[in-house]
$ cat upload23.csv   # CSV, C-alpha atoms and all ligand atoms
chain,number,residue,atom,x,y,z
J,1,MET,CA,17.4,-12.8,-1.1
J,2,ARG,CA,15.7,-15.8,-2.6
J,3,GLY,CA,12.3,-16.6,-3.9
J,4,MET,CA,10.4,-18.5,-1.2
J,5,ALA,CA,7.3,-20.6,-1.0
J,6,ALA,CA,6.5,-19.4,2.5
J,7,LEU,CA,7.5,-16.6,4.7
J,8,LEU,CA,10.2,-17.2,7.4
J,9,THR,CA,8.9,-18.1,10.8
J,10,ASP,CA,9.5,-15.9,13.8
J,11,HIS,CA,12.2,-18.3,14.9
J,12,GLU,CA,13.9,-18.2,11.5
J,13,ILE,CA,13.8,-14.4,11.4
J,14,THR,CA,15.4,-14.3,14.8
J,15,GLU,CA,18.2,-16.7,13.8
J,16,ARG,CA,18.9,-14.8,10.6
J,17,VAL,CA,19.0,-11.5,12.4
J,18,LEU,CA,21.2,-12.8,15.3
J,19,SER,CA,23.6,-14.2,12.7
J,20,HIS,CA,23.8,-10.9,10.8
J,21,ILE,CA,24.5,-9.1,14.1
J,22,ALA,CA,27.3,-11.5,15.0
J,23,ASN,CA,28.8,-11.4,11.5
J,24,ARG,CA,28.1,-7.7,10.7
J,25,THR,CA,26.2,-8.8,7.5
J,26,THR,CA,22.8,-8.3,6.0
J,27,ASP,CA,20.7,-10.0,3.3
J,28,VAL,CA,22.1,-9.3,-0.2
J,29,GLY,CA,20.7,-9.7,-3.7
J,30,ASP,CA,22.3,-11.2,-6.7
J,31,ALA,CA,23.1,-8.1,-8.8
J,32,LEU,CA,23.1,-4.3,-9.1
J,33,TRP,CA,20.3,-2.6,-10.9
J,34,ARG,CA,20.4,0.6,-13.0
J,35,GLU,CA,17.1,2.4,-13.4
J,36,PRO,CA,17.0,5.2,-16.0
J,37,VAL,CA,16.2,8.5,-14.3
J,38,GLU,CA,13.9,9.2,-17.3
J,39,HIS,CA,11.5,6.7,-15.8
J,40,TYR,CA,10.9,9.1,-12.9
J,41,ARG,CA,10.2,12.2,-15.0
J,42,SER,CA,8.6,11.0,-18.2
J,43,ALA,CA,4.8,11.6,-18.5
J,44,GLN,CA,4.6,8.8,-21.0
J,45,ARG,CA,6.3,6.3,-18.6
J,46,LEU,CA,3.9,7.3,-15.8
J,47,GLU,CA,0.9,6.9,-18.1
J,48,ALA,CA,2.1,3.4,-19.1
J,49,GLU,CA,2.6,2.5,-15.4
J,50,MET,CA,-0.9,3.8,-14.6
J,51,GLU,CA,-2.7,2.2,-17.5
J,52,ARG,CA,-0.8,-1.1,-17.8
J,53,VAL,CA,0.1,-1.8,-14.2
J,54,LEU,CA,-1.8,0.3,-11.5
J,55,ARG,CA,-5.2,0.0,-13.3
J,56,ARG,CA,-4.7,-3.5,-14.6
J,57,SER,CA,-3.5,-5.1,-11.4
J,58,TYR,CA,-5.6,-5.9,-8.4
J,59,ALA,CA,-4.3,-2.9,-6.3
J,60,ALA,CA,-4.8,-2.8,-2.6
J,61,PHE,CA,-7.5,-0.2,-1.9
J,62,CYS,CA,-8.3,-0.3,1.8
J,63,PRO,CA,-8.3,-2.7,4.8
J,64,SER,CA,-11.4,-4.9,5.1
J,65,VAL,CA,-12.1,-3.5,8.6
J,66,ALA,CA,-12.6,0.0,7.0
J,67,LEU,CA,-15.8,-1.5,5.6
J,68,PRO,CA,-17.3,-3.1,8.7
J,69,ASP,CA,-21.0,-3.1,7.9
J,70,PRO,CA,-23.5,-3.4,5.0
J,71,GLY,CA,-23.5,0.0,3.5
J,72,SER,CA,-20.0,1.0,4.6
J,73,PHE,CA,-18.3,2.7,1.7
J,74,ILE,CA,-15.1,4.5,0.7
J,75,ALA,CA,-14.9,6.8,-2.3
J,76,ARG,CA,-11.5,8.0,-3.4
J,77,GLU,CA,-9.3,8.3,-6.5
J,78,ALA,CA,-7.2,5.2,-7.4
J,79,ALA,CA,-4.7,5.5,-10.3
J,80,GLY,CA,-6.3,8.9,-11.1
J,81,ARG,CA,-9.9,7.7,-11.4
J,82,PRO,CA,-12.8,8.1,-8.9
J,83,ILE,CA,-13.7,4.8,-7.4
J,84,LEU,CA,-16.4,3.7,-5.0
J,85,VAL,CA,-16.0,0.6,-2.8
J,86,VAL,CA,-19.0,-0.6,-0.7
J,87,ARG,CA,-20.0,-3.5,1.4
J,88,ASP,CA,-23.3,-4.8,0.0
J,89,GLN,CA,-26.3,-6.0,2.1
J,90,ASP,CA,-25.1,-9.6,1.6
J,91,GLY,CA,-21.7,-8.7,3.1
J,92,VAL,CA,-19.8,-8.9,-0.2
J,93,VAL,CA,-17.6,-6.0,-1.2
J,94,ARG,CA,-18.4,-4.4,-4.5
J,95,ALA,CA,-16.5,-1.8,-6.5
J,96,PHE,CA,-17.7,0.7,-9.1
J,97,HIS,CA,-16.6,3.7,-11.1
J,98,ASN,CA,-17.8,6.6,-8.9
J,99,VAL,CA,-19.6,8.1,-11.8
J,100,CYS,CA,-23.3,8.8,-12.3
J,101,ARG,CA,-24.8,7.1,-15.3
J,102,HIS,CA,-26.9,10.2,-16.1
J,103,ARG,CA,-24.3,12.9,-16.7
J,104,GLY,CA,-21.2,11.7,-14.9
J,105,MET,CA,-21.2,13.4,-11.5
J,106,ARG,CA,-19.5,11.6,-8.5
J,107,ILE,CA,-22.3,9.9,-6.6
J,108,ALA,CA,-20.4,9.3,-3.3
J,109,GLN,CA,-17.9,11.4,-1.3
J,110,ASP,CA,-15.3,10.4,1.2
J,111,SER,CA,-16.5,7.5,3.4
J,112,GLY,CA,-19.5,6.6,5.6
J,113,CYS,CA,-22.4,4.2,5.7
J,114,ALA,CA,-25.3,4.5,3.3
J,115,ASN,CA,-28.5,2.6,2.4
J,116,ALA,CA,-28.3,3.9,-1.2
J,117,PHE,CA,-26.3,6.5,-3.2
J,118,VAL,CA,-28.1,9.6,-4.3
J,119,CYS,CA,-26.3,11.6,-7.0
J,120,PRO,CA,-25.9,15.2,-5.7
J,121,TYR,CA,-26.6,16.6,-9.2
J,122,HIS,CA,-30.1,15.5,-10.1
J,123,GLY,CA,-30.9,12.8,-7.6
J,124,TRP,CA,-30.5,9.5,-9.5
J,125,THR,CA,-30.4,6.9,-6.8
J,126,TYR,CA,-28.4,3.7,-6.8
J,127,GLU,CA,-28.6,0.6,-4.6
J,128,LEU,CA,-25.5,-0.7,-2.8
J,129,ASN,CA,-25.2,-3.4,-5.6
J,130,GLY,CA,-25.1,-0.6,-8.2
J,131,ARG,CA,-28.7,-1.0,-9.6
J,132,LEU,CA,-30.4,2.3,-10.6
J,133,ARG,CA,-33.4,2.4,-8.3
J,134,HIS,CA,-34.9,5.8,-8.8
J,135,VAL,CA,-34.9,8.6,-11.4
J,136,PRO,CA,-36.7,11.8,-10.3
J,137,HIS,CA,-39.3,13.0,-12.8
J,138,ALA,CA,-38.8,9.8,-14.8
J,139,GLU,CA,-41.4,11.0,-17.4
J,140,GLY,CA,-38.6,13.1,-18.8
J,141,PHE,CA,-36.7,9.9,-19.9
J,142,PRO,CA,-39.3,7.9,-22.0
J,143,GLY,CA,-38.0,4.5,-22.8
J,144,LEU,CA,-35.0,4.7,-20.5
J,145,ASP,CA,-34.0,1.1,-19.5
J,146,ARG,CA,-32.9,1.4,-15.9
J,147,SER,CA,-31.1,-2.0,-16.0
J,148,GLN,CA,-28.7,-0.5,-18.6
J,149,HIS,CA,-27.9,2.5,-16.3
J,150,GLY,CA,-26.6,0.9,-13.1
J,151,LEU,CA,-23.2,1.9,-11.8
J,152,ALA,CA,-20.3,0.5,-13.9
J,153,PRO,CA,-18.8,-2.4,-11.8
J,154,LEU,CA,-15.1,-3.1,-11.3
J,155,PRO,CA,-13.4,-6.4,-10.4
J,156,VAL,CA,-12.8,-6.6,-6.7
J,157,ILE,CA,-11.3,-9.2,-4.3
J,158,GLU,CA,-11.3,-9.3,-0.5
J,159,ARG,CA,-8.3,-11.4,0.8
J,160,HIS,CA,-5.7,-11.3,3.6
J,161,GLY,CA,-7.7,-8.6,5.4
J,162,LEU,CA,-7.5,-6.2,2.4
J,163,VAL,CA,-9.7,-5.1,-0.5
J,164,PHE,CA,-8.1,-5.2,-3.9
J,165,VAL,CA,-9.6,-3.4,-6.9
J,166,SER,CA,-8.7,-3.6,-10.6
J,167,GLN,CA,-9.9,-1.1,-13.1
J,168,ALA,CA,-9.5,-3.3,-16.1
J,169,GLN,CA,-12.1,-5.4,-18.0
J,170,ALA,CA,-9.4,-8.2,-18.1
J,171,PRO,CA,-7.3,-7.7,-14.9
J,172,ALA,CA,-3.8,-9.1,-14.6
J,173,PRO,CA,-4.2,-12.3,-12.6
J,174,ALA,CA,-4.0,-11.7,-8.8
J,175,ASP,CA,-1.0,-13.3,-7.2
J,176,PHE,CA,-1.5,-13.6,-3.5
J,177,ALA,CA,0.3,-16.9,-2.9
J,178,GLY,CA,2.4,-16.9,0.2
J,179,LEU,CA,1.0,-13.7,1.6
J,180,PRO,CA,-0.1,-13.9,5.3
J,181,GLU,CA,-3.2,-12.4,6.8
J,182,LEU,CA,-2.1,-8.7,6.7
J,183,VAL,CA,-4.8,-7.1,8.8
J,184,SER,CA,-7.1,-9.1,11.1
J,185,GLN,CA,-10.7,-8.5,12.2
J,186,GLY,CA,-9.6,-7.5,15.7
J,187,GLN,CA,-7.6,-4.5,14.5
J,188,GLN,CA,-9.3,-1.1,14.8
J,189,LEU,CA,-9.0,1.4,12.1
J,190,TYR,CA,-8.3,4.6,14.1
J,191,ALA,CA,-7.2,7.1,11.5
J,192,THR,CA,-7.4,7.7,7.7
J,193,SER,CA,-5.4,10.4,6.1
J,194,ALA,CA,-4.0,11.6,2.8
J,195,ARG,CA,-0.9,13.6,2.3
J,196,GLU,CA,0.6,14.9,-0.8
J,197,THR,CA,4.4,14.2,-1.2
J,198,GLN,CA,6.4,16.1,-3.8
J,199,ALA,CA,8.0,13.1,-5.4
J,200,ASN,CA,7.4,10.3,-8.0
J,201,TRP,CA,5.5,7.4,-6.4
J,202,LYS,CA,8.4,5.0,-7.0
J,203,ILE,CA,10.8,7.3,-5.1
J,204,VAL,CA,8.4,7.3,-2.2
J,205,LEU,CA,8.2,3.5,-2.4
J,206,GLU,CA,11.9,2.9,-2.6
J,207,GLY,CA,12.5,4.8,0.6
J,208,PHE,CA,10.6,2.1,2.6
J,209,LEU,CA,12.4,-0.9,1.1
J,210,GLU,CA,16.0,-0.8,2.4
J,211,GLY,CA,17.8,-0.3,5.7
J,212,TYR,CA,21.0,1.0,4.1
J,213,HIS,CA,20.0,4.6,4.9
J,214,ILE,CA,19.1,4.1,8.6
J,215,ARG,CA,22.3,5.6,10.1
J,216,ALA,CA,22.7,8.5,7.7
J,217,THR,CA,19.0,9.6,7.3
J,218,HIS,CA,17.7,8.7,10.8
J,219,PRO,CA,20.6,9.2,13.2
J,220,GLU,CA,18.4,10.3,16.2
J,221,SER,CA,15.0,8.8,15.3
J,222,PHE,CA,15.4,5.2,14.2
J,223,PHE,CA,19.1,4.4,14.4
J,224,PRO,CA,19.4,4.5,18.2
J,225,TYR,CA,16.8,1.7,18.4
J,226,GLY,CA,17.7,-0.2,15.3
J,227,PHE,CA,20.7,-1.1,13.1
J,228,ASP,CA,22.3,0.4,10.1
J,229,ASN,CA,22.0,-1.8,7.0
J,230,LEU,CA,20.7,-5.0,8.7
J,231,ASN,CA,17.6,-6.5,7.1
J,232,VAL,CA,16.0,-9.7,6.2
J,233,ILE,CA,14.5,-9.5,2.7
J,234,GLU,CA,12.0,-12.0,1.4
J,235,GLN,CA,10.2,-12.1,-2.0
J,236,ILE,CA,6.6,-13.2,-2.0
J,237,GLY,CA,5.7,-13.6,-5.7
J,238,PRO,CA,5.6,-10.0,-7.0
J,239,HIS,CA,5.5,-8.6,-3.4
J,240,SER,CA,8.2,-8.5,-0.7
J,241,ARG,CA,8.8,-8.2,3.0
J,242,VAL,CA,11.7,-6.3,4.5
J,243,THR,CA,12.4,-6.9,8.2
J,244,PHE,CA,14.0,-4.1,10.2
J,245,PRO,CA,15.1,-5.4,13.6
J,246,PHE,CA,15.2,-3.4,16.8
J,247,ARG,CA,18.4,-3.8,19.0
J,248,ARG,CA,16.3,-5.4,21.7
J,249,ILE,CA,15.9,-8.5,19.4
J,250,GLU,CA,19.2,-9.7,21.0
J,251,LYS,CA,17.1,-10.6,24.1
J,252,LEU,CA,15.4,-13.3,22.0
J,253,ALA,CA,18.7,-15.2,21.9
J,254,ALA,CA,17.8,-16.4,25.5
J,255,VAL,CA,14.2,-17.4,24.5
J,256,PRO,CA,13.6,-21.1,23.4
J,257,PRO,CA,13.1,-21.2,19.6
J,258,ALA,CA,9.5,-22.4,19.8
J,259,GLN,CA,8.5,-19.4,22.0
J,260,ARG,CA,10.1,-16.7,20.0
J,261,ARG,CA,7.7,-14.0,18.8
J,262,VAL,CA,9.2,-11.1,16.9
J,263,LEU,CA,6.3,-8.6,17.1
J,264,GLY,CA,7.7,-5.8,19.1
J,265,PHE,CA,11.3,-6.7,18.2
J,266,VAL,CA,11.1,-5.9,14.5
J,267,THR,CA,9.3,-3.6,12.0
J,268,PHE,CA,8.0,-5.5,9.0
J,269,VAL,CA,7.5,-3.6,5.8
J,270,TYR,CA,5.4,-5.4,3.2
J,271,HIS,CA,5.4,-4.1,-0.3
J,272,ILE,CA,2.2,-5.3,-1.9
J,273,PHE,CA,2.8,-4.9,-5.7
J,274,PRO,CA,2.2,-2.5,-7.3
J,275,ASN,CA,1.6,0.5,-5.1
J,276,ALA,CA,0.9,-0.4,-1.5
J,277,LEU,CA,3.0,-0.8,1.7
J,278,ILE,CA,2.1,-2.2,5.0
J,279,THR,CA,4.2,-1.3,7.9
J,280,VAL,CA,3.8,-3.4,11.0
J,281,LEU,CA,5.3,-1.8,14.1
J,282,SER,CA,5.0,-3.0,17.8
J,283,ASN,CA,1.6,-1.4,18.4
J,284,HIS,CA,0.3,-0.2,15.1
J,285,THR,CA,0.0,-1.1,11.5
J,286,VAL,CA,-0.4,1.3,8.6
J,287,LEU,CA,-1.6,0.5,5.1
J,288,LEU,CA,-0.1,3.1,2.7
J,289,VAL,CA,-1.4,3.4,-0.8
J,290,LEU,CA,0.7,5.5,-3.2
J,291,GLU,CA,-1.5,7.3,-5.7
J,292,PRO,CA,0.4,9.1,-8.4
J,293,LEU,CA,-0.9,12.7,-9.1
J,294,GLY,CA,1.8,13.5,-11.6
J,295,VAL,CA,5.4,12.5,-12.4
J,296,ASP,CA,6.6,14.4,-9.3
J,297,ARG,CA,3.6,14.3,-7.0
J,298,THR,CA,2.1,11.4,-5.0
J,299,ASN,CA,-0.9,11.3,-2.8
J,300,VAL,CA,0.0,9.0,0.1
J,301,VAL,CA,-3.2,7.6,1.5
J,302,ALA,CA,-2.8,6.0,5.0
J,303,TYR,CA,-5.1,3.7,7.0
J,304,SER,CA,-3.8,3.4,10.5
J,305,LEU,CA,-4.8,0.4,12.6
J,306,THR,CA,-4.2,-0.8,16.1
J,307,ASN,CA,-2.4,-4.1,16.6
J,308,GLY,CA,-3.9,-7.1,18.5
J,309,ASP,CA,-7.4,-7.4,19.9
J,310,GLY,CA,-7.0,-6.6,23.6
J,311,ASP,CA,-8.6,-3.7,25.4
J,312,PRO,CA,-9.6,-1.2,22.7
J,313,ALA,CA,-8.7,1.9,24.7
J,314,GLU,CA,-5.3,0.5,25.6
J,315,ALA,CA,-4.6,-0.7,22.1
J,316,LEU,CA,-5.4,2.8,20.8
J,317,GLU,CA,-3.2,4.6,23.3
J,318,ALA,CA,-0.3,2.2,22.5
J,319,ALA,CA,-0.8,2.7,18.8
J,320,THR,CA,-0.8,6.5,19.1
J,321,ARG,CA,2.5,6.4,21.0
J,322,ASP,CA,4.0,4.1,18.4
J,323,ALA,CA,2.8,6.3,15.6
J,324,HIS,CA,4.4,9.3,17.2
J,325,PHE,CA,7.8,7.5,17.2
J,326,ALA,CA,7.4,6.5,13.6
J,327,GLU,CA,6.5,10.0,12.5
J,328,SER,CA,9.8,11.4,13.7
J,329,GLY,CA,11.6,9.2,11.1
J,330,ALA,CA,8.9,9.5,8.4
J,331,SER,CA,9.4,13.3,8.2
J,332,GLU,CA,13.1,12.6,7.6
J,333,ASP,CA,12.1,10.2,4.7
J,334,ARG,CA,9.8,12.8,3.2
J,335,ALA,CA,12.5,15.4,3.1
J,336,VAL,CA,14.8,13.0,1.3
J,337,VAL,CA,12.4,11.9,-1.4
J,338,SER,CA,11.3,15.4,-2.3
J,339,ALA,CA,15.0,16.5,-2.4
J,340,ILE,CA,15.7,13.6,-4.8
J,341,GLN,CA,12.8,14.7,-7.0
J,342,GLN,CA,14.1,18.3,-7.2
J,343,GLY,CA,17.5,17.0,-8.3
J,344,ILE,CA,16.1,14.8,-11.1
J,345,ALA,CA,15.5,17.5,-13.7
J,346,GLY,CA,19.1,18.7,-13.8
J,347,GLY,CA,20.4,15.6,-15.5
J,348,ALA,CA,23.3,14.8,-13.1
J,349,ASN,CA,22.3,11.1,-13.2
J,350,GLU,CA,21.3,9.2,-16.3
J,351,SER,CA,20.4,6.3,-14.0
J,352,PHE,CA,20.2,5.5,-10.4
J,353,VAL,CA,22.1,2.5,-9.2
J,354,PHE,CA,20.7,0.1,-6.6
J,355,GLY,CA,23.2,-2.1,-4.7
J,356,ARG,CA,23.1,-5.6,-3.3
J,357,PHE,CA,21.6,-4.3,0.0
J,358,GLU,CA,18.7,-2.8,-2.0
J,359,SER,CA,17.4,-6.0,-3.4
J,360,ALA,CA,13.8,-5.5,-2.5
J,361,ILE,CA,13.9,-2.4,-4.8
J,362,VAL,CA,15.5,-4.4,-7.5
J,363,HIS,CA,12.8,-7.0,-7.2
J,364,PHE,CA,10.2,-4.2,-7.6
J,365,HIS,CA,11.8,-2.8,-10.7
J,366,ARG,CA,12.1,-6.2,-12.3
J,367,THR,CA,8.5,-7.0,-11.5
J,368,LEU,CA,7.3,-3.6,-12.8
J,369,ASP,CA,9.2,-4.0,-16.1
J,370,ALA,CA,7.7,-7.4,-16.6
J,371,ALA,CA,4.2,-6.1,-15.9
J,372,LEU,CA,4.7,-3.2,-18.3
J,373,ALA,CA,5.8,-5.7,-21.0
J,374,GLN,CA,2.7,-7.8,-20.7
G,1,LIG,S1,-25.4,13.5,-13.1
G,1,LIG,FE1,-26.2,12.2,-11.5
G,1,LIG,S2,-28.3,12.6,-11.5
G,1,LIG,FE2,-27.6,13.9,-13.1
G,2,FE,FE,13.7,5.9,6.2
$ encode --input "upload23.csv" --output "structure tokens"
Amino acid sequence: MRGMAALLTDHEITERVLSHIANRTTDVGDALWREPVEHYRSAQRLEAEMERVLRRSYAAFCPSVALPDPGSFIAREAAGRPILVVRDQDGVVRAFHNVCRHRGMRIAQDSGCANAFVCPYHGWTYELNGRLRHVPHAEGFPGLDRSQHGLAPLPVIERHGLVFVSQAQAPAPADFAGLPELVSQGQQLYATSARETQANWKIVLEGFLEGYHIRATHPESFFPYGFDNLNVIEQIGPHSRVTFPFRRIEKLAAVPPAQRRVLGFVTFVYHIFPNALITVLSNHTVLLVLEPLGVDRTNVVAYSLTNGDGDPAEALEAATRDAHFAESGASEDRAVVSAIQQGIAGGANESFVFGRFESAIVHFHRTLDAALAQ
């Protein structure tokens, strides 16, 4: 693995994979990494990760297409705090603490499209830009300055087809250099879900970032279509991309280089630092946001999207088929990560060791340590 200014082209990915197949090799990193197991069970460590990294960073929140119209909003917890993201009348995405400025109730739930947000407790009403528009029985608040009681705003950036939110007054600088368009306007959001997994958020993340476990963990789901321990691994600033080829990529050897397109021949997994993953399969793409609920519990929020912009009904049907295939392997991964978490308390390992095939995980831990030290 090497740091790169730009991602490999489809042709370069194909060449690298075909060479690995011929030589029985895979991309390798420069060194082993030992991560103290204490970092997966310590409440203080998790609090430091939440406060100094997950809340300070611009963390991926949702795909842009999840907020299609003025008034489209999503309310959910991010890094343990209730957050509201909404597209304003002028088309600009805004983010706020989802907390009423009267006595702190949540003003929005789930997702939808609204002209204004009415607090369900006493009815204080806020515009999409956060301004406090209406206070019922306002005579009870003599001298109240409404301009001082708008929703508390948060820094937000819309880039590469995603919405990124920071919860800090002084966010860590966003580093998007080298990232491609991750979700395009033509992709339909067809499902949103949240599932609690019984493992530390970093254990969930690590399971996506290497192909060394494909044969052992996925003997009947992924392995028959893919390879064991054969990946292309690229660093993109603090982020990374791991390419998992399908066996059918060997057909591209006969395709002229300029015409090679790898969609359908590989799965891309993007890790968007700190806590998001984007998996791009043949016919669907999923944004996963890993929200820690405790040292050993993670809410995995998933936004599922069709690929491409052809006939919407066909795209949706292809996506559903694809997702069914992916789920067979995903359930195997969930069983692994919760088993790891159960074993952590016993103290068998003082550290976990990540090998040269697991270099995207090493990159994550190096980047996390650097962010914690800031
Ligand atoms: S807490 Fe929102 S109106 Fe009272
Ligand atoms: Fe897996």
$ closest_atom_pairs --input "upload23.csv" --of "region 212-290 of chain J" --to "region 183-192 of chain J" --cutoff "12 Å" --atoms "only C-alpha atoms" --output "CSV"
residue,atom,partner,partner_atom,distance
J:Tyr270,CA,J:Val183,CA,11.8
J:Ile278,CA,J:Val183,CA,9.3
J:Thr279,CA,J:Val183,CA,10.7
J:Val280,CA,J:Val183,CA,9.6
J:Asn283,CA,J:Gln187,CA,10.5
J:His284,CA,J:Gln187,CA,9.0
J:Thr285,CA,J:Val183,CA,8.1
J:Val286,CA,J:Leu189,CA,9.3
J:Leu287,CA,J:Val183,CA,9.0
J:Leu288,CA,J:Thr192,CA,10.0
J:Val289,CA,J:Thr192,CA,11.3
$ closest_residue --input "upload23.csv" --among "J:Phe325, J:Phe357, J:Phe164, J:Phe141" --to "Ala78 (chain J)" --atoms "only C-alpha atoms"
J:Phe164
$ residues_around --input "upload23.csv" --residues "region 28-32 of chain J" --least-positions-apart "4" --cutoff "9 Å" --atoms "all atoms listed in the file" --output "ChimeraX atom specification"
/J:1-2,232-233,353-360,362
$ closest_atom_pairs --input "upload23.csv" --of "chain J" --to "ligand FE 2 (chain G)" --cutoff "7 Å" --atoms "all atoms listed in the file" --output "JSON lines"
{"residue": "J:Gly207", "atom": "CA", "partner": "G:FE2", "partner_atom": "FE", "distance": 5.8}
{"residue": "J:Phe208", "atom": "CA", "partner": "G:FE2", "partner_atom": "FE", "distance": 6.1}
{"residue": "J:His213", "atom": "CA", "partner": "G:FE2", "partner_atom": "FE", "distance": 6.6}
{"residue": "J:Ile214", "atom": "CA", "partner": "G:FE2", "partner_atom": "FE", "distance": 6.2}
{"residue": "J:Thr217", "atom": "CA", "partner": "G:FE2", "partner_atom": "FE", "distance": 6.6}
{"residue": "J:His218", "atom": "CA", "partner": "G:FE2", "partner_atom": "FE", "distance": 6.7}
{"residue": "J:Gly329", "atom": "CA", "partner": "G:FE2", "partner_atom": "FE", "distance": 6.3}
{"residue": "J:Ala330", "atom": "CA", "partner": "G:FE2", "partner_atom": "FE", "distance": 6.4}
{"residue": "J:Glu332", "atom": "CA", "partner": "G:FE2", "partner_atom": "FE", "distance": 6.9}
{"residue": "J:Asp333", "atom": "CA", "partner": "G:FE2", "partner_atom": "FE", "distance": 4.8}
$ atom_distance --input "upload23.csv" --atom1 "CA of Asn275 (chain J)" --atom2 "CA of Ser240 (chain J)"
12.0 Å
$ residues_near_ligand --input "upload23.csv" --ligand "ligand LIG 1 (chain G)" --cutoff "6 Å" --atoms "only C-alpha atoms and all ligand atoms" --output "PyMOL selection string"
chain J and resi 100+102-105+119+121-124
$ closest_atom_pairs --input "upload23.csv" --of "region 241-303 of chain J" --to "region 9-15 of chain J" --cutoff "10 Å" --atoms "only C-alpha atoms" --output "CSV"
residue,atom,partner,partner_atom,distance
J:Thr243,CA,J:Ile13,CA,8.3
J:Pro245,CA,J:Thr14,CA,9.0
J:Ile249,CA,J:Thr14,CA,7.4
J:Glu250,CA,J:Thr14,CA,8.6
J:Leu252,CA,J:Thr14,CA,7.3
J:Ala253,CA,J:Thr14,CA,7.9
J:Val255,CA,J:His11,CA,9.8
J:Pro256,CA,J:His11,CA,9.1
J:Pro257,CA,J:His11,CA,5.6
J:Ala258,CA,J:His11,CA,6.9
J:Gln259,CA,J:His11,CA,8.1
J:Arg260,CA,J:His11,CA,5.7
J:Arg261,CA,J:Asp10,CA,5.6
J:Val262,CA,J:Asp10,CA,5.7
J:Leu263,CA,J:Asp10,CA,8.6
J:Phe265,CA,J:Thr14,CA,9.3
J:Val266,CA,J:Thr14,CA,9.4
$ build_atoms --input "upload23.csv" --residues "region 243-257 of chain J" --atoms "N, CA and C atoms" --output "mmCIF file, in the coordinates of the input"
data_model
loop_
_atom_site.group_PDB
_atom_site.id
_atom_site.type_symbol
_atom_site.label_atom_id
_atom_site.label_comp_id
_atom_site.auth_asym_id
_atom_site.auth_seq_id
_atom_site.Cartn_x
_atom_site.Cartn_y
_atom_site.Cartn_z
ATOM 1 N N THR J 243 12.398 -6.887 6.747
ATOM 2 C CA THR J 243 12.400 -6.900 8.200
ATOM 3 C C THR J 243 13.478 -5.950 8.727
ATOM 4 N N PHE J 244 13.070 -4.990 9.564
ATOM 5 C CA PHE J 244 14.000 -4.100 10.200
ATOM 6 C C PHE J 244 14.026 -4.400 11.708
ATOM 7 N N PRO J 245 15.075 -5.053 12.200
ATOM 8 C CA PRO J 245 15.100 -5.400 13.600
ATOM 9 C C PRO J 245 15.395 -4.246 14.543
ATOM 10 N N PHE J 246 14.830 -4.294 15.743
ATOM 11 C CA PHE J 246 15.200 -3.400 16.800
ATOM 12 C C PHE J 246 16.412 -4.040 17.571
ATOM 13 N N ARG J 247 17.212 -3.207 18.242
ATOM 14 C CA ARG J 247 18.400 -3.800 19.000
ATOM 15 C C ARG J 247 17.927 -4.742 20.051
ATOM 16 N N ARG J 248 16.711 -4.521 20.567
ATOM 17 C CA ARG J 248 16.300 -5.400 21.700
ATOM 18 C C ARG J 248 16.000 -6.831 21.199
ATOM 19 N N ILE J 249 16.077 -7.091 19.899
ATOM 20 C CA ILE J 249 15.900 -8.500 19.400
ATOM 21 C C ILE J 249 16.962 -9.395 19.994
ATOM 22 N N GLU J 250 18.098 -8.831 20.422
ATOM 23 C CA GLU J 250 19.200 -9.700 21.000
ATOM 24 C C GLU J 250 18.679 -10.428 22.234
ATOM 25 N N LYS J 251 17.646 -9.879 22.894
ATOM 26 C CA LYS J 251 17.100 -10.600 24.100
ATOM 27 C C LYS J 251 16.470 -11.922 23.670
ATOM 28 N N LEU J 252 16.051 -12.063 22.416
ATOM 29 C CA LEU J 252 15.400 -13.300 22.000
ATOM 30 C C LEU J 252 16.421 -14.473 21.901
ATOM 31 N N ALA J 253 17.709 -14.159 21.947
ATOM 32 C CA ALA J 253 18.700 -15.200 21.900
ATOM 33 C C ALA J 253 18.502 -16.160 23.134
ATOM 34 N N ALA J 254 17.985 -15.608 24.238
ATOM 35 C CA ALA J 254 17.800 -16.400 25.500
ATOM 36 C C ALA J 254 16.420 -17.079 25.519
ATOM 37 N N VAL J 255 15.583 -16.837 24.491
ATOM 38 C CA VAL J 255 14.200 -17.400 24.500
ATOM 39 C C VAL J 255 14.247 -18.712 23.673
ATOM 40 N N PRO J 256 13.651 -19.807 24.186
ATOM 41 C CA PRO J 256 13.600 -21.100 23.400
ATOM 42 C C PRO J 256 12.991 -20.822 22.045
ATOM 43 N N PRO J 257 13.549 -21.430 20.986
ATOM 44 C CA PRO J 257 13.100 -21.200 19.600
ATOM 45 C C PRO J 257 11.586 -21.237 19.436
#
